[in-house]
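As provided, target07.pdb (PDB, C-alpha atoms) reads as follows.
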```pdb
ATOM      1  CA  MET N   1     -29.607  22.579   1.746  1.00  0.00           C
ATOM      2  CA  ILE N   2     -26.628  21.573   3.863  1.00  0.00           C
ATOM      3  CA  GLU N   3     -25.455  18.959   1.346  1.00  0.00           C
ATOM      4  CA  LYS N   4     -24.608  21.726  -1.148  1.00  0.00           C
ATOM      5  CA  ASP N   5     -22.520  23.520   1.479  1.00  0.00           C
ATOM      6  CA  ILE N   6     -20.682  20.311   2.340  1.00  0.00           C
ATOM      7  CA  TYR N   7     -19.998  19.540  -1.330  1.00  0.00           C
ATOM      8  CA  ALA N   8     -18.628  23.065  -1.850  1.00  0.00           C
ATOM      9  CA  ALA N   9     -16.383  22.767   1.221  1.00  0.00           C
ATOM     10  CA  LEU N  10     -14.955  19.487  -0.054  1.00  0.00           C
ATOM     11  CA  ILE N  11     -14.217  20.494  -3.637  1.00  0.00           C
ATOM     12  CA  ASP N  12     -12.879  23.908  -2.565  1.00  0.00           C
ATOM     13  CA  HIS N  13     -10.154  22.295  -0.435  1.00  0.00           C
ATOM     14  CA  ALA N  14      -6.948  22.133  -2.494  1.00  0.00           C
ATOM     15  CA  GLY N  15      -5.561  19.028  -0.763  1.00  0.00           C
ATOM     16  CA  LEU N  16      -8.717  16.992  -1.261  1.00  0.00           C
ATOM     17  CA  TYR N  17      -9.343  18.326  -4.761  1.00  0.00           C
ATOM     18  CA  ALA N  18      -5.848  17.212  -5.793  1.00  0.00           C
ATOM     19  CA  LEU N  19      -6.804  13.631  -4.886  1.00  0.00           C
ATOM     20  CA  ILE N  20     -10.428  13.323  -6.003  1.00  0.00           C
ATOM     21  CA  SER N  21     -11.174  16.358  -8.179  1.00  0.00           C
ATOM     22  CA  MET N  22     -14.984  16.694  -8.063  1.00  0.00           C
ATOM     23  CA  ARG N  23     -15.713  13.005  -7.400  1.00  0.00           C
ATOM     24  CA  VAL N  24     -18.036  13.441  -4.421  1.00  0.00           C
ATOM     25  CA  TYR N  25     -21.239  11.447  -4.864  1.00  0.00           C
ATOM     26  CA  PRO N  26     -24.485  11.251  -2.896  1.00  0.00           C
ATOM     27  CA  LEU N  27     -25.380   7.842  -1.404  1.00  0.00           C
ATOM     28  CA  VAL N  28     -23.883   5.515  -4.039  1.00  0.00           C
ATOM     29  CA  LEU N  29     -20.477   5.108  -5.645  1.00  0.00           C
ATOM     30  CA  PRO N  30     -21.017   5.013  -9.428  1.00  0.00           C
ATOM     31  CA  GLU N  31     -19.761   1.713 -10.796  1.00  0.00           C
ATOM     32  CA  SER N  32     -17.565   3.173 -13.515  1.00  0.00           C
ATOM     33  CA  CYS N  33     -16.229   6.254 -11.711  1.00  0.00           C
ATOM     34  CA  THR N  34     -12.533   6.943 -11.374  1.00  0.00           C
ATOM     35  CA  LYS N  35     -11.049   6.222  -7.957  1.00  0.00           C
ATOM     36  CA  PRO N  36     -10.278   7.598  -5.474  1.00  0.00           C
ATOM     37  CA  ALA N  37     -13.711   9.058  -4.789  1.00  0.00           C
ATOM     38  CA  VAL N  38     -15.964   9.985  -1.881  1.00  0.00           C
ATOM     39  CA  VAL N  39     -19.571   9.058  -1.158  1.00  0.00           C
ATOM     40  CA  MET N  40     -21.552  11.279   1.206  1.00  0.00           C
ATOM     41  CA  GLN N  41     -24.758  10.420   3.044  1.00  0.00           C
ATOM     42  CA  ARG N  42     -26.804  11.709   5.947  1.00  0.00           C
ATOM     43  CA  ILE N  43     -27.042   8.825   8.409  1.00  0.00           C
ATOM     44  CA  SER N  44     -29.064  10.447  11.168  1.00  0.00           C
ATOM     45  CA  PRO N  45     -31.467  13.355  11.331  1.00  0.00           C
ATOM     46  CA  GLY N  46     -30.451  16.567  12.951  1.00  0.00           C
ATOM     47  CA  GLY N  47     -33.448  16.784  15.232  1.00  0.00           C
ATOM     48  CA  ASP N  48     -34.877  19.880  16.852  1.00  0.00           C
ATOM     49  CA  PHE N  49     -33.201  21.654  19.725  1.00  0.00           C
ATOM     50  CA  ASN N  50     -35.548  23.143  22.280  1.00  0.00           C
ATOM     51  CA  THR N  51     -34.600  26.370  23.996  1.00  0.00           C
ATOM     52  CA  LEU N  52     -36.364  28.605  26.498  1.00  0.00           C
ATOM     53  CA  ASP N  53     -37.655  30.562  23.492  1.00  0.00           C
ATOM     54  CA  GLY N  54     -39.029  27.449  21.771  1.00  0.00           C
ATOM     55  CA  VAL N  55     -37.670  25.276  19.007  1.00  0.00           C
ATOM     56  CA  SER N  56     -34.300  26.411  17.666  1.00  0.00           C
ATOM     57  CA  ASP N  57     -33.629  26.805  13.950  1.00  0.00           C
ATOM     58  CA  THR N  58     -30.451  24.731  14.388  1.00  0.00           C
ATOM     59  CA  GLU N  59     -29.983  21.031  13.749  1.00  0.00           C
ATOM     60  CA  ARG N  60     -26.971  18.718  13.955  1.00  0.00           C
ATOM     61  CA  PRO N  61     -27.289  15.851  11.474  1.00  0.00           C
ATOM     62  CA  ARG N  62     -24.655  13.147  11.270  1.00  0.00           C
ATOM     63  CA  PHE N  63     -23.030  12.557   7.891  1.00  0.00           C
ATOM     64  CA  GLN N  64     -20.916   9.618   6.815  1.00  0.00           C
ATOM     65  CA  PHE N  65     -18.224  10.016   4.174  1.00  0.00           C
ATOM     66  CA  SER N  66     -16.870   6.874   2.519  1.00  0.00           C
ATOM     67  CA  CYS N  67     -13.443   7.336   0.943  1.00  0.00           C
ATOM     68  CA  TYR N  68     -12.833   4.686  -1.740  1.00  0.00           C
ATOM     69  CA  ALA N  69      -9.536   3.829  -3.428  1.00  0.00           C
ATOM     70  CA  HIS N  70      -7.737   0.885  -5.020  1.00  0.00           C
ATOM     71  CA  ASP N  71      -4.842   1.331  -2.596  1.00  0.00           C
ATOM     72  CA  TYR N  72      -5.115   1.491   1.215  1.00  0.00           C
ATOM     73  CA  SER N  73      -2.719   4.427   1.557  1.00  0.00           C
ATOM     74  CA  ASP N  74      -4.675   6.384  -1.069  1.00  0.00           C
ATOM     75  CA  ALA N  75      -7.914   5.808   0.860  1.00  0.00           C
ATOM     76  CA  LYS N  76      -6.192   6.990   4.059  1.00  0.00           C
ATOM     77  CA  ASP N  77      -4.869  10.103   2.282  1.00  0.00           C
ATOM     78  CA  VAL N  78      -8.358  10.956   1.023  1.00  0.00           C
ATOM     79  CA  ALA N  79      -9.825  10.488   4.507  1.00  0.00           C
ATOM     80  CA  PHE N  80      -7.123  12.733   6.002  1.00  0.00           C
ATOM     81  CA  GLN N  81      -7.758  15.480   3.440  1.00  0.00           C
ATOM     82  CA  LEU N  82     -11.525  15.127   3.841  1.00  0.00           C
ATOM     83  CA  LYS N  83     -11.192  15.719   7.602  1.00  0.00           C
ATOM     84  CA  ALA N  84      -8.996  18.750   6.922  1.00  0.00           C
ATOM     85  CA  ALA N  85     -11.460  20.113   4.361  1.00  0.00           C
ATOM     86  CA  LEU N  86     -14.378  19.971   6.782  1.00  0.00           C
ATOM     87  CA  LYS N  87     -12.446  21.216   9.820  1.00  0.00           C
ATOM     88  CA  GLU N  88     -10.964  24.147   7.859  1.00  0.00           C
ATOM     89  CA  SER N  89     -14.282  25.099   6.249  1.00  0.00           C
ATOM     90  CA  ALA N  90     -16.792  27.658   7.503  1.00  0.00           C
ATOM     91  CA  LEU N  91     -19.049  24.786   8.580  1.00  0.00           C
ATOM     92  CA  LYS N  92     -19.355  23.966  12.265  1.00  0.00           C
ATOM     93  CA  VAL N  93     -18.307  20.319  12.506  1.00  0.00           C
ATOM     94  CA  SER N  94     -17.159  17.683  14.942  1.00  0.00           C
ATOM     95  CA  CYS N  95     -15.606  14.411  13.846  1.00  0.00           C
ATOM     96  CA  TYR N  96     -17.377  11.402  15.318  1.00  0.00           C
ATOM     97  CA  GLY N  97     -14.751   8.871  14.222  1.00  0.00           C
ATOM     98  CA  ASP N  98     -13.474   6.791  11.338  1.00  0.00           C
ATOM     99  CA  VAL N  99     -13.242   3.113  10.427  1.00  0.00           C
ATOM    100  CA  ASP N 100     -11.006   1.257   7.934  1.00  0.00           C
ATOM    101  CA  MET N 101     -12.655  -1.379   5.742  1.00  0.00           C
ATOM    102  CA  PHE N 102     -12.216  -3.392   2.587  1.00  0.00           C
ATOM    103  CA  ASP N 103     -15.137  -3.738   0.183  1.00  0.00           C
ATOM    104  CA  ASN N 104     -14.659  -7.275  -1.094  1.00  0.00           C
ATOM    105  CA  ASP N 105     -17.381  -7.013  -3.762  1.00  0.00           C
ATOM    106  CA  GLN N 106     -15.766  -3.999  -5.411  1.00  0.00           C
ATOM    107  CA  LYS N 107     -12.177  -4.828  -4.387  1.00  0.00           C
ATOM    108  CA  LEU N 108     -11.748  -1.340  -2.969  1.00  0.00           C
ATOM    109  CA  TYR N 109     -10.378   0.027   0.269  1.00  0.00           C
ATOM    110  CA  ARG N 110     -12.948   2.118   2.123  1.00  0.00           C
ATOM    111  CA  ILE N 111     -12.372   4.506   4.993  1.00  0.00           C
ATOM    112  CA  THR N 112     -15.578   5.842   6.534  1.00  0.00           C
ATOM    113  CA  VAL N 113     -15.497   9.113   8.441  1.00  0.00           C
ATOM    114  CA  ASP N 114     -18.497  10.367  10.410  1.00  0.00           C
ATOM    115  CA  PHE N 115     -19.133  14.019  11.225  1.00  0.00           C
ATOM    116  CA  HIS N 116     -21.801  15.928  13.074  1.00  0.00           C
ATOM    117  CA  ILE N 117     -22.423  19.102  11.110  1.00  0.00           C
ATOM    118  CA  TRP N 118     -24.373  22.007  12.598  1.00  0.00           C
ATOM    119  CA  ALA N 119     -26.834  23.623  10.247  1.00  0.00           C
ATOM    120  CA  THR N 120     -29.418  26.367  10.365  1.00  0.00           C
ATOM    121  CA  VAL N 121     -32.806  25.307   9.079  1.00  0.00           C
ATOM    122  CA  ASP N 122     -35.055  27.758   7.268  1.00  0.00           C
ATOM    123  CA  TYR N 123     -38.623  26.725   8.056  1.00  0.00           C
ATOM    124  CA  THR N 124     -40.197  29.374   5.813  1.00  0.00           C
TER     125      THR N 124
END
```
Structure rendered as structure tokens:
Amino acid sequence: MIEKDIYAALIDHAGLYALISMRVYPLVLPESCTKPAVVMQRISPGGDFNTLDGVSDTERPRFQFSCYAHDYSDAKDVAFQLKAALKESALKVSCYGDVDMFDNDQKLYRITVDFHIWATVDYT
């Protein structure tokens, strides 16, 4: 499962770990978690790639990472380290872009970063 590989890449990166420790969550930010933290979710399927030999065992899903913090500069630092963690990992990635936001309900700064991440699918 690609999510496990992504999680490992994030928590193994010293710069990101120094900011968020192991606070990488799937889909939802826990209400009482310590900030800063990251939420990870797949936002589009990878889809099949057709080749001359048939359907490839490779997909390229798009993941969105939401970096939450009480302070804008902390959220930016987390986003920067998250990008570094993925780009320096063994994963094949391409950054799609990022957006700065403020979550008024939670009173948190949120930087979202989208990545396409290539993955091999085992259909057996």
Practice prompt. Quick one: everything within 10 Å of segment 88-93 of chain N, counting all atoms listed in the file, minus sequence neighbours fewer than 5 positions away in the same chain. Send it as a list in words.
Written response: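 Neighbouring residues, sequence-local ones excluded: Ile2, Asp5, Ile6, Ala8, Ala9, Leu10, Asp12, His13, Arg60, Arg62, Leu82, Lys83, Phe115, His116, Ile117, Trp118 and Ala119 of chain N.
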Decode the PyMOL selection byres ((chain N and resi 18) around 12) for the given file into explicit residues and return them as a PDB file with C-alpha atoms, in the frame of the given file.
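Output file part_32.pdb is given in full below:
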```pdb
ATOM      1  CA  LEU N  10     -14.955  19.487  -0.054  1.00  0.00           C
ATOM      2  CA  ILE N  11     -14.217  20.494  -3.637  1.00  0.00           C
ATOM      3  CA  ASP N  12     -12.879  23.908  -2.565  1.00  0.00           C
ATOM      4  CA  HIS N  13     -10.154  22.295  -0.435  1.00  0.00           C
ATOM      5  CA  ALA N  14      -6.948  22.133  -2.494  1.00  0.00           C
ATOM      6  CA  GLY N  15      -5.561  19.028  -0.763  1.00  0.00           C
ATOM      7  CA  LEU N  16      -8.717  16.992  -1.261  1.00  0.00           C
ATOM      8  CA  TYR N  17      -9.343  18.326  -4.761  1.00  0.00           C
ATOM      9  CA  LEU N  19      -6.804  13.631  -4.886  1.00  0.00           C
ATOM     10  CA  ILE N  20     -10.428  13.323  -6.003  1.00  0.00           C
ATOM     11  CA  SER N  21     -11.174  16.358  -8.179  1.00  0.00           C
ATOM     12  CA  MET N  22     -14.984  16.694  -8.063  1.00  0.00           C
ATOM     13  CA  ARG N  23     -15.713  13.005  -7.400  1.00  0.00           C
ATOM     14  CA  PRO N  36     -10.278   7.598  -5.474  1.00  0.00           C
ATOM     15  CA  ALA N  37     -13.711   9.058  -4.789  1.00  0.00           C
ATOM     16  CA  ASP N  74      -4.675   6.384  -1.069  1.00  0.00           C
ATOM     17  CA  ASP N  77      -4.869  10.103   2.282  1.00  0.00           C
ATOM     18  CA  VAL N  78      -8.358  10.956   1.023  1.00  0.00           C
ATOM     19  CA  GLN N  81      -7.758  15.480   3.440  1.00  0.00           C
ATOM     20  CA  LEU N  82     -11.525  15.127   3.841  1.00  0.00           C
ATOM     21  CA  ALA N  85     -11.460  20.113   4.361  1.00  0.00           C
TER      22      ALA N  85
END
```
Worksheet, complete the sentence: Restricting to all atoms listed in the file, whichever of N:Phe80, N:Tyr25, N:Tyr72, N:Phe63 is closest to Met101 of chain N is N:Tyr72
Worksheet item: What does the distance between atom CA of Lys35 of chain N and atom CA of Leu86 of chain N come to in Å, to one decimal place?
Response: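 We find that atom CA of Lys35 of chain N and atom CA of Leu86 of chain N lie 20.4 Å from each other.
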Worksheet item: Can you tell me how far atom CA of Leu27 of chain N sits from atom CA of Ser66 of chain N, in Å to one decimal?
Response: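 Atom CA of Ser66 of chain N lies at a distance of 9.4 Å from atom CA of Leu27 of chain N.
Residue nearest Tyr68 of chain N within the list N:Ser94, N:Thr112, N:Asn104, N:Ser32: N:Thr112 [criterion: smallest interatomic distance, all atoms listed in the file].
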Item to complete: Kindly give the distance, in Å, that separates atom CA of Ser44 of chain N and atom CA of Pro61 of chain N, rounded to a single decimal.
Response: 5.7 Å
Practice prompt. Scan for residues within 12 Å of the point (-23.1, 10.6, -5.1) in the coordinates of the file, using all atoms listed in the file, and reply as a ChimeraX atom specification.
Written response: /N:3-4,7,22-31,33,37-42,65-67
Item to complete: Using the chain letters and residue numbers of this document, give as number ranges by chain the residues selected by the PyMOL selection byres ((chain N and resi 102) around 10).
Response: N: 68-70, 72, 100-101, 103-111
Subset file as a PDB file, in the first residue's frame: chain N, C-alpha atoms:
```
ATOM      1  CA  MET N   1       0.000   0.000   0.000  1.00  0.00           C
ATOM      2  CA  ILE N   2       1.504   3.291  -1.127  1.00  0.00           C
ATOM      3  CA  GLU N   3       0.207   5.171   1.928  1.00  0.00           C
ATOM      4  CA  LYS N   4       2.569   3.177   4.171  1.00  0.00           C
ATOM      5  CA  ASP N   5       5.524   4.100   1.960  1.00  0.00           C
ATOM      6  CA  ILE N   6       4.547   7.769   2.029  1.00  0.00           C
ATOM      7  CA  TYR N   7       4.144   7.745   5.821  1.00  0.00           C
ATOM      8  CA  ALA N   8       7.583   6.135   6.210  1.00  0.00           C
ATOM      9  CA  ALA N   9       9.176   8.710   3.888  1.00  0.00           C
ATOM     10  CA  LEU N  10       7.680  11.559   5.906  1.00  0.00           C
ATOM     11  CA  ILE N  11       8.604  10.386   9.394  1.00  0.00           C
ATOM     12  CA  ASP N  12      12.079   9.270   8.266  1.00  0.00           C
ATOM     13  CA  HIS N  13      12.972  12.806   7.141  1.00  0.00           C
ATOM     14  CA  ALA N  14      14.880  14.526   9.960  1.00  0.00           C
ATOM     15  CA  GLY N  15      13.743  18.057   9.067  1.00  0.00           C
ATOM     16  CA  LEU N  16      10.062  17.160   8.996  1.00  0.00           C
ATOM     17  CA  TYR N  17      10.292  14.862  12.011  1.00  0.00           C
ATOM     18  CA  ALA N  18      11.800  17.709  14.046  1.00  0.00           C
ATOM     19  CA  LEU N  19       8.638  19.744  13.400  1.00  0.00           C
ATOM     20  CA  ILE N  20       5.829  17.184  13.575  1.00  0.00           C
ATOM     21  CA  SER N  21       7.319  14.013  15.069  1.00  0.00           C
ATOM     22  CA  MET N  22       4.953  11.228  13.931  1.00  0.00           C
ATOM     23  CA  ARG N  23       1.849  13.424  13.591  1.00  0.00           C
ATOM     24  CA  VAL N  24       0.825  12.372  10.083  1.00  0.00           C
ATOM     25  CA  TYR N  25      -2.853  11.430   9.942  1.00  0.00           C
ATOM     26  CA  PRO N  26      -5.055   9.901   7.248  1.00  0.00           C
ATOM     27  CA  LEU N  27      -8.000  12.023   6.035  1.00  0.00           C
ATOM     28  CA  VAL N  28      -8.878  13.895   9.248  1.00  0.00           C
ATOM     29  CA  LEU N  29      -6.970  16.043  11.717  1.00  0.00           C
ATOM     30  CA  PRO N  30      -7.737  14.696  15.212  1.00  0.00           C
ATOM     31  CA  GLU N  31      -9.373  17.416  17.276  1.00  0.00           C
ATOM     32  CA  SER N  32      -7.046  17.164  20.255  1.00  0.00           C
ATOM     33  CA  CYS N  33      -3.749  16.475  18.469  1.00  0.00           C
ATOM     34  CA  THR N  34      -0.683  18.610  19.009  1.00  0.00           C
ATOM     35  CA  LYS N  35       0.111  21.051  16.215  1.00  0.00           C
ATOM     36  CA  PRO N  36       1.848  21.324  13.857  1.00  0.00           C
ATOM     37  CA  ALA N  37       0.602  18.189  12.125  1.00  0.00           C
ATOM     38  CA  VAL N  38      -0.026  16.830   8.639  1.00  0.00           C
ATOM     39  CA  VAL N  39      -3.110  15.210   7.138  1.00  0.00           C
ATOM     40  CA  MET N  40      -2.665  13.006   4.073  1.00  0.00           C
ATOM     41  CA  GLN N  41      -5.328  11.920   1.600  1.00  0.00           C
ATOM     42  CA  ARG N  42      -5.554  10.455  -1.876  1.00  0.00           C
ATOM     43  CA  ILE N  43      -7.585  12.933  -3.917  1.00  0.00           C
ATOM     44  CA  SER N  44      -7.565  11.218  -7.292  1.00  0.00           C
ATOM     45  CA  PRO N  45      -7.105   7.653  -8.447  1.00  0.00           C
ATOM     46  CA  GLY N  46      -3.949   6.607 -10.157  1.00  0.00           C
ATOM     47  CA  GLY N  47      -5.655   5.053 -13.142  1.00  0.00           C
ATOM     48  CA  ASP N  48      -4.263   2.424 -15.466  1.00  0.00           C
ATOM     49  CA  PHE N  49      -1.583   3.149 -18.017  1.00  0.00           C
ATOM     50  CA  ASN N  50      -1.901   1.247 -21.263  1.00  0.00           C
ATOM     51  CA  THR N  51       1.226   0.171 -23.083  1.00  0.00           C
ATOM     52  CA  LEU N  52       1.844  -1.857 -26.226  1.00  0.00           C
ATOM     53  CA  ASP N  53       2.109  -4.894 -23.937  1.00  0.00           C
ATOM     54  CA  GLY N  54      -1.230  -4.186 -22.236  1.00  0.00           C
ATOM     55  CA  VAL N  55      -2.103  -2.547 -18.956  1.00  0.00           C
ATOM     56  CA  SER N  56       0.916  -1.400 -16.951  1.00  0.00           C
ATOM     57  CA  ASP N  57       1.339  -2.238 -13.273  1.00  0.00           C
ATOM     58  CA  THR N  58       2.064   1.452 -12.601  1.00  0.00           C
ATOM     59  CA  GLU N  59      -0.338   4.109 -11.384  1.00  0.00           C
ATOM     60  CA  ARG N  60       0.080   7.785 -10.502  1.00  0.00           C
ATOM     61  CA  PRO N  61      -2.421   8.834  -7.834  1.00  0.00           C
ATOM     62  CA  ARG N  62      -2.580  12.406  -6.605  1.00  0.00           C
ATOM     63  CA  PHE N  63      -2.181  12.979  -2.874  1.00  0.00           C
ATOM     64  CA  GLN N  64      -2.942  16.116  -0.914  1.00  0.00           C
ATOM     65  CA  PHE N  65      -1.033  16.945   2.256  1.00  0.00           C
ATOM     66  CA  SER N  66      -2.513  19.545   4.600  1.00  0.00           C
ATOM     67  CA  CYS N  67       0.039  21.124   6.932  1.00  0.00           C
ATOM     68  CA  TYR N  68      -1.685  22.600  10.004  1.00  0.00           C
ATOM     69  CA  ALA N  69      -0.185  24.956  12.582  1.00  0.00           C
ATOM     70  CA  HIS N  70      -1.210  27.741  14.957  1.00  0.00           C
ATOM     71  CA  ASP N  71       1.310  30.072  13.323  1.00  0.00           C
ATOM     72  CA  TYR N  72       1.567  30.831   9.585  1.00  0.00           C
ATOM     73  CA  SER N  73       5.362  30.556   9.491  1.00  0.00           C
ATOM     74  CA  ASP N  74       5.202  27.172  11.243  1.00  0.00           C
ATOM     75  CA  ALA N  75       2.728  25.896   8.637  1.00  0.00           C
ATOM     76  CA  LYS N  76       5.040  27.145   5.864  1.00  0.00           C
ATOM     77  CA  ASP N  77       8.042  25.436   7.499  1.00  0.00           C
ATOM     78  CA  VAL N  78       6.151  22.138   7.693  1.00  0.00           C
ATOM     79  CA  ALA N  79       5.106  22.421   4.041  1.00  0.00           C
ATOM     80  CA  PHE N  80       8.712  23.143   3.012  1.00  0.00           C
ATOM     81  CA  GLN N  81      10.036  20.137   4.941  1.00  0.00           C
ATOM     82  CA  LEU N  82       7.228  17.928   3.632  1.00  0.00           C
ATOM     83  CA  LYS N  83       8.209  18.790   0.041  1.00  0.00           C
ATOM     84  CA  ALA N  84      11.845  18.033   0.861  1.00  0.00           C
ATOM     85  CA  ALA N  85      10.914  14.726   2.498  1.00  0.00           C
ATOM     86  CA  LEU N  86       9.017  13.508  -0.552  1.00  0.00           C
ATOM     87  CA  LYS N  87      11.504  14.813  -3.126  1.00  0.00           C
ATOM     88  CA  GLU N  88      14.468  13.285  -1.250  1.00  0.00           C
ATOM     89  CA  SER N  89      12.736   9.940  -0.689  1.00  0.00           C
ATOM     90  CA  ALA N  90      12.966   6.840  -2.871  1.00  0.00           C
ATOM     91  CA  LEU N  91       9.437   7.557  -4.109  1.00  0.00           C
ATOM     92  CA  LYS N  92       8.953   8.924  -7.607  1.00  0.00           C
ATOM     93  CA  VAL N  93       7.062  12.183  -7.091  1.00  0.00           C
ATOM     94  CA  SER N  94       6.160  15.427  -8.782  1.00  0.00           C
ATOM     95  CA  CYS N  95       4.772  18.404  -6.904  1.00  0.00           C
ATOM     96  CA  TYR N  96       1.512  19.653  -8.376  1.00  0.00           C
ATOM     97  CA  GLY N  97       1.395  22.855  -6.318  1.00  0.00           C
ATOM     98  CA  ASP N  98       0.523  24.342  -2.956  1.00  0.00           C
ATOM     99  CA  VAL N  99      -2.050  26.749  -1.542  1.00  0.00           C
ATOM    100  CA  ASP N 100      -2.068  28.842   1.664  1.00  0.00           C
ATOM    101  CA  MET N 101      -5.292  28.910   3.682  1.00  0.00           C
ATOM    102  CA  PHE N 102      -6.716  29.706   7.079  1.00  0.00           C
ATOM    103  CA  ASP N 103      -9.180  27.293   8.673  1.00  0.00           C
ATOM    104  CA  ASN N 104     -11.514  29.670  10.481  1.00  0.00           C
ATOM    105  CA  ASP N 105     -13.425  26.907  12.300  1.00  0.00           C
ATOM    106  CA  GLN N 106     -10.283  25.500  13.900  1.00  0.00           C
ATOM    107  CA  LYS N 107      -8.328  28.784  13.953  1.00  0.00           C
ATOM    108  CA  LEU N 108      -5.394  27.095  12.250  1.00  0.00           C
ATOM    109  CA  TYR N 109      -3.186  27.990   9.325  1.00  0.00           C
ATOM    110  CA  ARG N 110      -3.283  25.333   6.614  1.00  0.00           C
ATOM    111  CA  ILE N 111      -0.917  24.893   3.702  1.00  0.00           C
ATOM    112  CA  THR N 112      -2.022  22.232   1.225  1.00  0.00           C
ATOM    113  CA  VAL N 113       0.557  20.589  -1.008  1.00  0.00           C
ATOM    114  CA  ASP N 114      -0.429  18.242  -3.831  1.00  0.00           C
ATOM    115  CA  PHE N 115       1.839  15.551  -5.253  1.00  0.00           C
ATOM    116  CA  HIS N 116       1.543  12.951  -7.960  1.00  0.00           C
ATOM    117  CA  ILE N 117       3.236   9.828  -6.657  1.00  0.00           C
ATOM    118  CA  TRP N 118       4.121   6.939  -8.964  1.00  0.00           C
ATOM    119  CA  ALA N 119       3.393   3.520  -7.559  1.00  0.00           C
ATOM    120  CA  THR N 120       3.607  -0.069  -8.698  1.00  0.00           C
ATOM    121  CA  VAL N 121       0.404  -2.005  -8.202  1.00  0.00           C
ATOM    122  CA  ASP N 122       0.470  -5.698  -7.369  1.00  0.00           C
ATOM    123  CA  TYR N 123      -2.658  -7.203  -8.908  1.00  0.00           C
ATOM    124  CA  THR N 124      -2.022 -10.692  -7.513  1.00  0.00           C
TER     125      THR N 124
END
```
